[in-house]
>>> print(open('my_file_0.txt').read())   # compact mmCIF, C-alpha atoms
# COMPACT_ATOMS: atom_id res chain seq x y z
CA MET A 1 3.01 -9.93 -55.63
CA THR A 2 2.48 -9.03 -51.98
CA ASN A 3 5.78 -10.63 -50.97
CA LEU A 4 7.58 -8.71 -53.73
CA ILE A 5 6.12 -5.40 -52.52
CA ILE A 6 7.14 -6.17 -48.95
CA GLU A 7 10.70 -7.12 -49.93
CA VAL A 8 11.22 -4.09 -52.19
CA SER A 9 9.73 -1.79 -49.55
CA LYS A 10 12.29 -2.98 -47.00
CA TYR A 11 15.21 -1.76 -49.11
CA LEU A 12 13.44 1.44 -50.16
CA ILE A 13 12.81 2.31 -46.52
CA ILE A 14 16.49 1.83 -45.69
CA LEU A 15 17.53 3.96 -48.69
CA LEU A 16 15.11 6.74 -47.75
CA MET A 17 16.25 6.66 -44.13
CA ALA A 18 19.88 6.96 -45.24
CA CYS A 19 18.92 9.94 -47.42
CA TYR A 20 17.06 11.58 -44.53
CA THR A 21 20.09 11.14 -42.27
CA TYR A 22 22.41 12.55 -44.95
CA PHE A 23 20.19 15.64 -45.24
CA ASN A 24 20.22 15.91 -41.44
CA PHE A 25 23.97 16.59 -41.48
CA ARG A 26 24.11 18.31 -44.87
CA PHE A 27 21.88 20.96 -43.33
CA PHE A 28 24.75 22.21 -41.15
CA SER A 29 26.99 22.91 -44.15
CA TYR A 30 24.60 25.41 -45.76
CA GLN A 31 24.57 29.10 -44.92
CA ASP A 32 21.86 30.25 -47.30
CA PRO A 33 18.38 30.04 -45.66
CA GLU A 34 16.77 28.93 -48.94
CA GLU A 35 19.18 26.02 -49.29
CA LYS A 36 18.40 24.98 -45.71
CA LYS A 37 14.68 25.09 -46.44
CA ALA A 38 15.21 22.94 -49.53
CA VAL A 39 17.09 20.32 -47.47
CA CYS A 40 14.28 20.30 -44.90
CA ARG A 41 11.70 19.77 -47.65
CA ARG A 42 13.65 16.76 -48.90
CA GLN A 43 13.68 15.42 -45.35
CA ASN A 44 9.91 15.76 -45.18
CA GLN A 45 9.51 13.92 -48.46
CA ALA A 46 11.73 11.06 -47.29
CA MET A 47 9.90 10.80 -43.96
CA PHE A 48 6.41 10.65 -45.50
CA LEU A 49 7.56 8.01 -48.00
CA ILE A 50 9.07 5.89 -45.19
CA HIS A 51 5.84 6.25 -43.25
CA LEU A 52 3.72 5.26 -46.28
CA LEU A 53 5.82 2.22 -47.18
CA ALA A 54 5.97 0.94 -43.61
CA PHE A 55 2.23 1.17 -43.09
CA LEU A 56 1.62 -0.37 -46.51
CA VAL A 57 3.61 -3.40 -45.34
CA ILE A 58 1.74 -3.47 -42.02
CA TYR A 59 -1.60 -3.40 -43.87
CA LEU A 60 -0.57 -6.10 -46.32
CA LYS A 61 0.57 -8.35 -43.47
CA THR A 62 -2.50 -7.81 -41.27
CA GLN A 63 -5.31 -6.98 -43.74
CA ARG A 64 -6.90 -4.80 -41.05
CA GLU A 65 -8.91 -1.83 -42.29
CA GLU A 66 -8.27 0.16 -39.10
CA ILE A 67 -4.58 0.33 -40.05
CA ILE A 68 -5.50 2.61 -42.97
CA ALA A 69 -7.48 4.95 -40.70
CA PHE A 70 -4.65 5.00 -38.16
CA TYR A 71 -2.13 5.78 -40.89
CA LEU A 72 -4.24 8.67 -42.22
CA ALA A 73 -4.65 10.09 -38.71
CA GLN A 74 -0.87 10.12 -38.33
CA VAL A 75 -0.43 11.84 -41.69
CA VAL A 76 -2.86 14.56 -40.61
CA PHE A 77 -0.93 14.98 -37.36
CA PHE A 78 2.48 15.20 -39.05
CA VAL A 79 1.26 17.71 -41.64
CA GLY A 80 -0.39 19.77 -38.91
CA TYR A 81 2.62 19.59 -36.59
CA ILE A 82 5.23 20.52 -39.19
CA GLY A 83 3.06 23.15 -40.90
CA GLY A 84 1.67 24.53 -37.64
CA PHE A 85 5.12 25.24 -36.24
CA ARG A 86 6.10 27.13 -39.38
CA ILE A 87 2.90 29.20 -39.24
CA LEU A 88 3.09 29.99 -35.52
CA TYR A 89 6.83 30.66 -35.39
CA ARG A 90 8.48 32.26 -38.40
CA ASN A 91 12.03 31.60 -37.15
CA VAL A 92 11.52 28.02 -35.99
CA SER A 93 14.34 25.47 -36.32
CA ARG A 94 12.96 23.32 -39.12
CA LEU A 95 15.62 20.69 -38.50
CA LEU A 96 14.44 20.06 -34.94
CA VAL A 97 10.80 19.96 -36.06
CA ASN A 98 11.67 17.45 -38.79
CA ASN A 99 13.74 15.26 -36.47
CA THR A 100 10.96 15.27 -33.88
CA ALA A 101 8.52 14.07 -36.55
CA MET A 102 10.97 11.46 -37.87
CA LEU A 103 11.64 9.93 -34.46
CA LEU A 104 7.91 9.88 -33.71
CA CYS A 105 7.33 8.23 -37.09
CA VAL A 106 9.80 5.43 -36.25
CA GLY A 107 8.11 4.97 -32.90
CA PHE A 108 4.63 4.77 -34.46
CA ILE A 109 5.79 2.20 -37.01
CA MET A 110 7.37 -0.12 -34.45
CA LEU A 111 4.64 0.27 -31.83
CA THR A 112 1.95 -0.43 -34.44
CA ARG A 113 3.79 -3.57 -35.50
CA LEU A 114 4.21 -4.69 -31.86
CA SER A 115 0.62 -3.80 -30.97
CA VAL A 116 -0.79 -5.94 -33.77
CA GLU A 117 1.46 -8.85 -32.78
CA ARG A 118 0.44 -8.77 -29.13
CA ASP A 119 -3.11 -7.45 -29.59
CA ARG A 120 -2.34 -4.36 -27.49
CA GLN A 121 -3.23 -0.68 -27.87
CA TRP A 122 0.27 0.73 -27.39
CA ALA A 123 0.38 2.57 -30.72
CA VAL A 124 -3.08 4.14 -30.37
CA ARG A 125 -2.40 5.28 -26.81
CA GLN A 126 0.99 6.65 -27.84
CA PHE A 127 -0.62 8.55 -30.71
CA VAL A 128 -3.22 10.15 -28.41
CA ILE A 129 -0.48 11.14 -25.94
CA VAL A 130 1.69 12.56 -28.72
CA VAL A 131 -1.13 14.70 -30.13
CA ALA A 132 -2.05 16.01 -26.67
CA ALA A 133 1.59 16.68 -25.75
CA ALA A 134 2.27 18.47 -29.05
CA LEU A 135 -0.73 20.76 -28.55
CA LEU A 136 0.11 21.48 -24.90
CA THR A 137 3.76 22.32 -25.58
CA TRP A 138 3.27 24.43 -28.71
CA VAL A 139 3.00 27.50 -26.47
CA ILE A 140 6.42 27.00 -24.83
CA PRO A 141 8.50 28.87 -27.48
CA TYR A 142 6.06 31.80 -27.17
CA ILE A 143 6.56 31.85 -23.40
CA MET A 144 10.35 31.55 -23.65
CA ASP A 145 10.42 34.57 -25.96
CA ARG A 146 8.42 36.78 -23.59
CA VAL A 147 9.08 35.79 -19.97
CA TRP A 148 12.37 37.06 -18.59
CA GLN A 149 11.88 36.05 -14.96
CA PHE A 150 12.90 32.38 -15.26
CA ALA A 151 16.32 33.08 -13.74
CA LYS A 152 14.88 34.77 -10.64
CA VAL A 153 13.31 31.74 -8.94
CA PRO A 154 15.95 28.98 -8.78
CA TRP A 155 14.70 27.56 -5.49
CA ILE A 156 11.24 26.93 -6.92
CA TYR A 157 12.85 24.65 -9.52
CA GLY A 158 15.23 23.04 -7.04
CA MET A 159 12.92 22.46 -4.10
CA GLY A 160 9.84 21.70 -6.19
CA GLY A 161 11.65 18.97 -8.09
CA LEU A 162 13.18 17.54 -4.95
CA VAL A 163 9.78 17.35 -3.23
CA LEU A 164 8.33 15.44 -6.20
CA LEU A 165 11.18 12.93 -6.10
CA ILE A 166 10.74 12.46 -2.36
CA LEU A 167 7.02 11.79 -2.86
CA VAL A 168 7.92 9.06 -5.36
CA TRP A 169 10.43 7.61 -2.91
CA ILE A 170 7.83 7.55 -0.12
CA GLY A 171 4.73 6.38 -1.98
CA GLY A 172 5.64 5.68 -5.58
CA SER A 173 4.69 2.59 -7.54
CA THR A 174 7.43 0.00 -8.03
CA SER A 175 8.31 -1.23 -11.52
CA TYR A 176 11.15 -3.69 -12.23
CA GLY A 177 12.71 -3.07 -8.82
CA ALA A 178 12.59 0.75 -8.91
CA GLN A 179 10.09 3.28 -7.57
CA LEU A 180 9.33 5.36 -10.63
CA SER A 181 5.77 6.69 -10.78
CA LEU A 182 3.00 8.36 -8.80
CA ALA A 183 -0.58 7.21 -9.26
CA LEU A 184 -3.57 9.58 -9.25
CA GLY A 185 -6.61 7.35 -9.65
CA ASN A 186 -6.31 5.57 -12.99
CA PHE A 187 -3.65 8.03 -14.12
CA SER A 188 0.04 7.61 -13.35
CA PHE A 189 3.10 9.63 -14.31
CA GLN A 190 6.85 9.49 -13.79
CA PRO A 191 7.96 12.73 -12.03
CA SER A 192 11.68 12.24 -12.69
CA GLU A 193 11.02 12.78 -16.41
CA PHE A 194 9.89 16.34 -15.64
CA VAL A 195 12.18 17.02 -12.69
CA LYS A 196 15.23 16.61 -14.95
CA ILE A 197 14.02 19.73 -16.82
CA SER A 198 13.39 21.75 -13.63
CA PHE A 199 16.78 20.52 -12.39
CA VAL A 200 18.52 22.06 -15.42
CA PHE A 201 16.66 25.35 -14.83
CA PHE A 202 17.72 25.30 -11.17
CA VAL A 203 21.40 24.75 -11.92
CA ALA A 204 21.39 27.33 -14.75
CA ALA A 205 19.71 29.94 -12.55
CA MET A 206 22.12 29.36 -9.64
CA PHE A 207 25.23 29.61 -11.80
CA TYR A 208 23.79 32.63 -13.63
CA ARG A 209 23.46 34.46 -10.31
CA SER A 210 26.93 33.60 -8.99
CA LEU A 211 29.92 31.32 -9.53
CA SER A 212 31.33 31.81 -6.07
CA PHE A 213 32.59 28.78 -4.15
CA ARG A 214 29.67 29.12 -1.73
CA THR A 215 27.12 29.01 -4.58
CA VAL A 216 28.88 26.05 -6.18
CA CYS A 217 28.81 24.14 -2.86
CA LEU A 218 25.14 24.99 -2.27
CA THR A 219 24.12 23.99 -5.79
CA THR A 220 26.15 20.79 -5.55
CA ALA A 221 24.42 19.91 -2.27
CA VAL A 222 20.96 20.28 -3.83
CA ALA A 223 22.05 18.35 -6.94
CA ALA A 224 23.44 15.59 -4.72
CA ALA A 225 20.11 15.47 -2.87
CA HIS A 226 18.30 14.88 -6.19
CA VAL A 227 20.68 12.07 -7.08
CA LEU A 228 20.54 10.45 -3.63
CA VAL A 229 16.73 10.41 -3.58
CA LEU A 230 16.73 8.75 -7.02
CA VAL A 231 19.28 6.22 -5.79
CA ALA A 232 17.11 5.53 -2.73
CA SER A 233 14.17 4.97 -5.12
CA LYS A 234 16.46 2.60 -7.08
CA ASP A 235 15.99 4.72 -10.21
CA LEU A 236 19.67 4.49 -11.07
CA GLY A 237 19.21 5.40 -14.74
CA GLY A 238 17.57 8.67 -13.73
CA ALA A 239 20.25 9.28 -11.09
CA LEU A 240 22.97 8.85 -13.70
CA ILE A 241 21.30 11.34 -16.06
CA PHE A 242 21.09 13.96 -13.29
CA PHE A 243 24.66 13.34 -12.14
CA VAL A 244 26.35 13.53 -15.56
CA THR A 245 24.29 16.57 -16.56
CA TYR A 246 25.25 18.43 -13.40
CA VAL A 247 28.96 17.64 -13.67
CA PHE A 248 29.14 18.96 -17.24
CA MET A 249 27.00 22.03 -16.48
CA LEU A 250 29.34 22.83 -13.57
CA PHE A 251 32.36 22.49 -15.83
CA VAL A 252 30.88 24.63 -18.61
CA ALA A 253 29.87 27.34 -16.14
CA THR A 254 33.20 27.49 -14.29
CA SER A 255 35.73 26.08 -16.81
CA ASN A 256 37.34 24.41 -13.79
CA TRP A 257 38.95 21.07 -14.65
CA LEU A 258 39.25 20.26 -10.95
CA TYR A 259 35.47 20.18 -10.62
CA LEU A 260 35.20 17.90 -13.67
CA GLY A 261 37.79 15.47 -12.33
CA ALA A 262 36.29 15.44 -8.84
CA GLY A 263 32.85 14.85 -10.33
CA PHE A 264 33.91 11.79 -12.28
CA LEU A 265 35.90 10.35 -9.36
CA SER A 266 32.90 10.71 -7.05
CA GLY A 267 30.69 9.20 -9.75
CA ALA A 268 32.94 6.17 -10.06
CA ALA A 269 32.94 5.71 -6.28
CA ALA A 270 29.14 6.05 -6.16
CA SER A 271 28.77 3.43 -8.91
CA VAL A 272 30.81 0.91 -6.93
CA LEU A 273 28.77 1.69 -3.81
CA ALA A 274 25.47 1.24 -5.69
CA TRP A 275 26.68 -2.11 -7.00
CA ARG A 276 27.42 -3.27 -3.47
CA LEU A 277 24.18 -1.96 -1.95
CA PHE A 278 21.48 -2.88 -4.47
CA SER A 279 20.76 -6.45 -5.53
CA HIS A 280 19.01 -5.47 -8.78
CA VAL A 281 22.11 -3.49 -9.78
CA GLN A 282 24.22 -6.60 -9.17
CA VAL A 283 21.83 -8.60 -11.34
CA ARG A 284 22.13 -6.09 -14.20
CA VAL A 285 25.92 -5.93 -13.93
CA GLN A 286 26.18 -9.72 -13.91
CA ALA A 287 23.85 -9.92 -16.90
CA TRP A 288 26.02 -7.35 -18.67
CA LEU A 289 29.33 -9.07 -17.90
CA ASN A 290 28.20 -12.57 -18.90
CA PRO A 291 24.54 -12.85 -19.99
CA TRP A 292 25.16 -16.35 -21.39
CA LEU A 293 25.89 -17.71 -17.92
CA ASP A 294 22.21 -17.46 -16.92
CA ILE A 295 20.51 -17.11 -20.28
CA ASP A 296 17.08 -18.27 -19.04
CA ASN A 297 16.91 -15.83 -16.13
CA LYS A 298 19.22 -12.88 -15.43
CA GLY A 299 20.64 -12.70 -18.93
CA TYR A 300 17.41 -13.40 -20.83
CA GLN A 301 16.56 -9.82 -21.81
CA ILE A 302 20.01 -8.81 -23.03
CA THR A 303 20.64 -12.11 -24.85
CA GLN A 304 17.30 -11.82 -26.65
CA SER A 305 18.25 -8.27 -27.59
CA LEU A 306 21.62 -9.40 -28.96
CA PHE A 307 19.99 -12.27 -30.86
CA ALA A 308 17.55 -9.80 -32.42
CA ILE A 309 20.30 -7.37 -33.45
CA GLY A 310 22.49 -10.17 -34.84
CA THR A 311 19.62 -11.81 -36.71
CA GLY A 312 18.58 -8.53 -38.31
CA GLY A 313 22.01 -7.82 -39.75
CA TRP A 314 22.54 -4.70 -41.84
CA PHE A 315 19.29 -4.84 -43.82
CA GLY A 316 16.85 -6.36 -41.32
CA LEU A 317 14.40 -9.20 -41.65
CA GLY A 318 11.52 -6.91 -42.58
CA LEU A 319 8.41 -5.96 -40.63
CA PHE A 320 6.65 -8.99 -39.11
CA GLN A 321 9.54 -11.26 -40.12
CA GLY A 322 11.36 -11.17 -36.78
CA MET A 323 10.51 -12.06 -33.19
CA PRO A 324 10.86 -8.78 -31.23
CA GLN A 325 8.01 -9.88 -28.95
CA SER A 326 10.43 -12.35 -27.33
CA ILE A 327 12.33 -9.42 -25.76
CA PRO A 328 10.91 -8.37 -22.36
CA VAL A 329 9.74 -4.72 -22.23
CA VAL A 330 10.55 -4.37 -25.92
CA GLU A 331 8.09 -1.49 -26.39
CA LYS A 332 9.96 0.66 -23.84
CA ASP A 333 13.59 0.04 -22.89
CA PHE A 334 14.50 -2.29 -25.77
CA ILE A 335 12.66 -0.86 -28.77
CA PHE A 336 16.03 -0.18 -30.44
CA ALA A 337 16.59 -3.96 -30.59
CA ALA A 338 13.25 -4.41 -32.37
CA ILE A 339 14.22 -1.68 -34.85
CA SER A 340 17.56 -3.38 -35.49
CA GLU A 341 15.99 -6.79 -36.02
CA GLU A 342 13.26 -5.88 -38.48
CA MET A 343 14.39 -2.57 -40.01
CA GLY A 344 18.10 -3.45 -40.05
CA GLY A 345 21.38 -2.23 -38.63
CA ILE A 346 21.69 0.57 -41.22
CA PHE A 347 18.25 1.91 -40.29
CA ALA A 348 19.04 1.65 -36.56
CA ILE A 349 22.34 3.51 -36.98
CA CYS A 350 20.45 6.22 -38.87
CA VAL A 351 18.07 6.58 -35.90
CA LEU A 352 21.09 7.01 -33.64
CA MET A 353 22.58 9.59 -36.02
CA ILE A 354 19.33 11.57 -36.06
CA CYS A 355 19.50 11.70 -32.25
CA LEU A 356 23.10 12.88 -32.57
CA GLY A 357 21.99 15.54 -35.07
CA CYS A 358 19.49 16.85 -32.49
CA PHE A 359 22.27 17.04 -29.89
CA ILE A 360 24.56 18.92 -32.29
CA GLN A 361 21.76 21.41 -32.94
CA PHE A 362 21.29 21.84 -29.18
CA MET A 363 25.00 22.55 -28.71
CA MET A 364 25.04 25.02 -31.61
CA ILE A 365 22.12 26.89 -30.07
CA ALA A 366 23.87 26.89 -26.68
CA GLY A 367 27.01 28.29 -28.29
CA LYS A 368 25.11 31.16 -29.91
CA MET A 369 23.24 32.31 -26.79
CA GLN A 370 24.64 35.50 -25.23
CA ALA A 371 22.99 35.23 -21.80
CA ALA A 372 24.73 32.70 -19.55
CA PHE A 373 21.36 31.51 -18.17
CA TYR A 374 20.01 30.60 -21.61
CA LYS A 375 23.35 29.11 -22.66
CA LEU A 376 23.38 26.80 -19.64
CA ILE A 377 19.74 25.78 -20.19
CA ALA A 378 20.43 24.78 -23.80
CA PHE A 379 23.60 22.93 -22.84
CA GLY A 380 22.02 21.21 -19.83
CA LEU A 381 18.94 20.03 -21.73
CA GLY A 382 21.20 18.82 -24.53
CA MET A 383 23.17 16.76 -22.02
CA VAL A 384 19.98 15.32 -20.50
CA TYR A 385 18.88 14.25 -23.96
CA ILE A 386 22.10 12.71 -25.23
CA VAL A 387 22.90 10.92 -21.94
CA GLN A 388 19.44 9.31 -22.03
CA VAL A 389 19.97 8.23 -25.65
CA PHE A 390 23.40 6.80 -24.74
CA LEU A 391 22.07 4.91 -21.71
CA ASN A 392 19.19 3.40 -23.68
CA ILE A 393 21.10 2.31 -26.78
CA GLY A 394 24.23 1.42 -24.80
CA GLY A 395 22.18 -0.96 -22.66
CA VAL A 396 20.45 -2.53 -25.67
CA VAL A 397 23.73 -3.34 -27.47
CA LYS A 398 25.49 -4.45 -24.23
CA PHE A 399 27.96 -1.58 -24.27
CA ILE A 400 26.93 -0.71 -20.71
CA PRO A 401 24.60 -2.37 -18.16
CA SER A 402 20.91 -1.77 -18.82
CA THR A 403 19.57 1.23 -16.87
CA GLY A 404 15.87 1.06 -17.74
CA VAL A 405 15.55 4.44 -19.49
CA THR A 406 13.51 5.02 -22.64
CA LEU A 407 14.60 6.15 -26.09
CA PRO A 408 13.13 9.68 -26.41
CA PHE A 409 10.22 10.04 -28.87
CA VAL A 410 10.55 6.39 -29.95
CA SER A 411 9.79 4.26 -26.87
CA TYR A 412 6.30 3.82 -25.46
CA GLY A 413 5.51 5.99 -22.43
CA GLY A 414 3.42 9.07 -21.75
CA SER A 415 5.73 10.82 -19.28
CA SER A 416 8.73 10.32 -21.55
CA ILE A 417 6.85 11.73 -24.57
CA LEU A 418 5.55 14.82 -22.76
CA SER A 419 8.87 15.62 -21.07
CA THR A 420 10.76 15.26 -24.37
CA PHE A 421 8.30 17.59 -26.11
CA ILE A 422 8.86 20.13 -23.32
CA LEU A 423 12.64 19.76 -23.65
CA PHE A 424 12.64 20.20 -27.43
CA ASN A 425 10.26 23.17 -27.31
CA VAL A 426 12.31 24.96 -24.66
CA ILE A 427 15.26 24.63 -27.03
CA GLN A 428 13.04 25.83 -29.89
CA GLY A 429 12.11 28.86 -27.79
CA LEU A 430 15.78 29.72 -27.27
CA TYR A 431 16.49 29.29 -30.99
CA ILE A 432 13.57 31.53 -31.95
CA LEU A 433 14.62 34.11 -29.35
CA LYS A 434 18.14 34.26 -30.79
CA ARG A 435 16.94 34.45 -34.41
CA ASN A 436 14.53 37.28 -33.52
CA GLU A 437 17.39 39.18 -31.85
CA GLU A 438 19.60 38.71 -34.92
CA GLU A 439 16.87 40.05 -37.20
CA GLU A 440 16.37 43.11 -34.97
CA ASN A 441 20.11 43.80 -35.01
CA GLU A 442 20.19 43.54 -38.81
CA ARG A 443 17.33 46.04 -39.14
CA SER A 444 18.89 48.54 -36.68
>>> encode(input="my_file_0.txt", output="structure tokens")
Amino acid sequence: MTNLIIEVSKYLIILLMACYTYFNFRFFSYQDPEEKKAVCRRQNQAMFLIHLLAFLVIYLKTQREEIIAFYLAQVVFFVGYIGGFRILYRNVSRLLVNNTAMLLCVGFIMLTRLSVERDRQWAVRQFVIVVAAALLTWVIPYIMDRVWQFAKVPWIYGMGGLVLLILVWIGGSTSYGAQLSLALGNFSFQPSEFVKISFVFFVAAMFYRSLSFRTVCLTTAVAAAHVLVLVASKDLGGALIFFVTYVFMLFVATSNWLYLGAGFLSGAAASVLAWRLFSHVQVRVQAWLNPWLDIDNKGYQITQSLFAIGTGGWFGLGLFQGMPQSIPVVEKDFIFAAISEEMGGIFAICVLMICLGCFIQFMMIAGKMQAAFYKLIAFGLGMVYIVQVFLNIGGVVKFIPSTGVTLPFVSYGGSSILSTFILFNVIQGLYILKRNEEEENERS
């Protein structure tokens, strides 16, 4: 009977995830607010059923009583998070709230499964971080709606972020060949996760003040300094996020195709230079080009990822039926491979499409903003998000060399979780600000 429940649950989870993803895009076709609310309610129903079925399978496979308590704690959090946003902010984007909860749900499911397998506390720690981050960042939309001085202090964003990156370069902890984090006693954090947000604010504020050639050159110099410090720290994934975001923000602000072309040419040249200078970049490129040549060493991580994805197929092996623990750093950089193996290719594609739905919502919000400063913030943060998603999933499926970045809201990592909450809630603040303005215009 237990095996039957587990097998049926696998297909029900895939069906529910496909329904959730369909509602994610169906939302954009509706104009009536009541129809949009109805779609969001269906999303919530699908998410809670996926969550229930997945944790039922985890409990049946482990027979651990603490799984039930952990599941109930997550339910309380999701209900409080979704309901709390609607109570605190009348004009909140329900789609972004739902997608945040859905991505966190997927992360909790996979980290719980991996934690049980390896006897770790990843899922519990992640849950504590998520609850704390959600509470801390709930105030951001309120601040965005009431503080109008963000555009007046660009150099605080630019220089403050650059100083943090330099501190990491000088005394940061090294992980997998790159200097990524600063340690404060038993606590460590990854500054680049937060600097990418201050970087977007810096660029938006500079281009809001002026689009003169002098301002463009000055802003480019500071942006280049951010990228160069990250390169010196060997955080090439972070450097790529900053670089691509800046090039597109510059193009959107100026509509100058020459800047866009020059940006990509300089990026290509910098990539070749990084490949020649850094041995760990050469290792990753070699592993990407032909991982089978050194399958027991350089190519081990990517080949294990490809084996996992291929073994899972479209419908997956089911929770606890695969071997995701054989993939190095599976809980962080390669969690998408674990999802593909046990939840299936269809489920994994749906996760990718939910991320794409978030990006589309970001771009729609950017397009509606009247003030250039807010427009550039929404666009820049959207680019930060989608480039990180592309780098993570692209590395997992061998589309591009692995860059060591996390999948936002899904991968394990405190700095990534907190920075992504900040990013989403800044966007929420802009959405709420615009909706409040529209309501005032309708009344007047």
>>> atom_distance(input="my_file_0.txt", atom1="CA of Tyr412 (chain A)", atom2="CA of Val8 (chain A)")
28.3 Å
>>> residues_near_point(input="my_file_0.txt", point="(11.7, 14.5, -43.5)", cutoff="9 Å", atoms="all atoms listed in the file", output="JSON list (two decimals) with C-alpha atoms, in the coordinates of the input")
[["chain", "number", "residue", "atom", "x", "y", "z"],
["A", 20, "TYR", "CA", 17.06, 11.58, -44.53],
["A", 23, "PHE", "CA", 20.19, 15.64, -45.24],
["A", 24, "ASN", "CA", 20.22, 15.91, -41.44],
["A", 39, "VAL", "CA", 17.09, 20.32, -47.47],
["A", 40, "CYS", "CA", 14.28, 20.30, -44.90],
["A", 41, "ARG", "CA", 11.70, 19.77, -47.65],
["A", 42, "ARG", "CA", 13.65, 16.76, -48.90],
["A", 43, "GLN", "CA", 13.68, 15.42, -45.35],
["A", 44, "ASN", "CA", 9.91, 15.76, -45.18],
["A", 45, "GLN", "CA", 9.51, 13.92, -48.46],
["A", 46, "ALA", "CA", 11.73, 11.06, -47.29],
["A", 47, "MET", "CA", 9.90, 10.80, -43.96],
["A", 48, "PHE", "CA", 6.41, 10.65, -45.50],
["A", 49, "LEU", "CA", 7.56, 8.01, -48.00],
["A", 95, "LEU", "CA", 15.62, 20.69, -38.50],
["A", 98, "ASN", "CA", 11.67, 17.45, -38.79],
["A", 99, "ASN", "CA", 13.74, 15.26, -36.47],
["A", 101, "ALA", "CA", 8.52, 14.07, -36.55],
["A", 102, "MET", "CA", 10.97, 11.46, -37.87]]
>>> atom_distance(input="my_file_0.txt", atom1="CA of Ile68 (chain A)", atom2="CA of Ile87 (chain A)")
28.1 Å
>>> closest_residue(input="my_file_0.txt", among="A:Phe77, A:Tyr71, A:Arg125, A:Phe194", to="Ser415 (chain A)", atoms="only C-alpha atoms")
A:Phe194
>>> closest_residue(input="my_file_0.txt", among="A:Glu117, A:Glu34, A:Glu7, A:Asp296", to="Pro324 (chain A)", atoms="only C-alpha atoms")
A:Glu117
>>> atom_distance(input="my_file_0.txt", atom1="CA of Ala123 (chain A)", atom2="CA of Phe108 (chain A)")
6.1 Å
>>> closest_residue(input="my_file_0.txt", among="A:Phe424, A:Phe213, A:Phe320, A:Trp314", to="Leu250 (chain A)", atoms="all atoms listed in the file")
A:Phe213
>>> closest_atom_pairs(input="my_file_0.txt", of="region 225-313 of chain A", to="region 378-384 of chain A", cutoff="7 Å", atoms="all atoms listed in the file", output="Markdown table")
| residue | atom | partner | partner_atom | distance |
| --- | --- | --- | --- | --- |
| A:Ile241 | CA | A:Val384 | CA | 6.1 |
| A:Thr245 | CA | A:Met383 | CA | 5.6 |
| A:Met249 | CA | A:Gly380 | CA | 6.1 |
>>> closest_residue(input="my_file_0.txt", among="A:Gly261, A:Ser416, A:Gly318, A:Ser266", to="Ile5 (chain A)", atoms="only C-alpha atoms")
A:Gly318
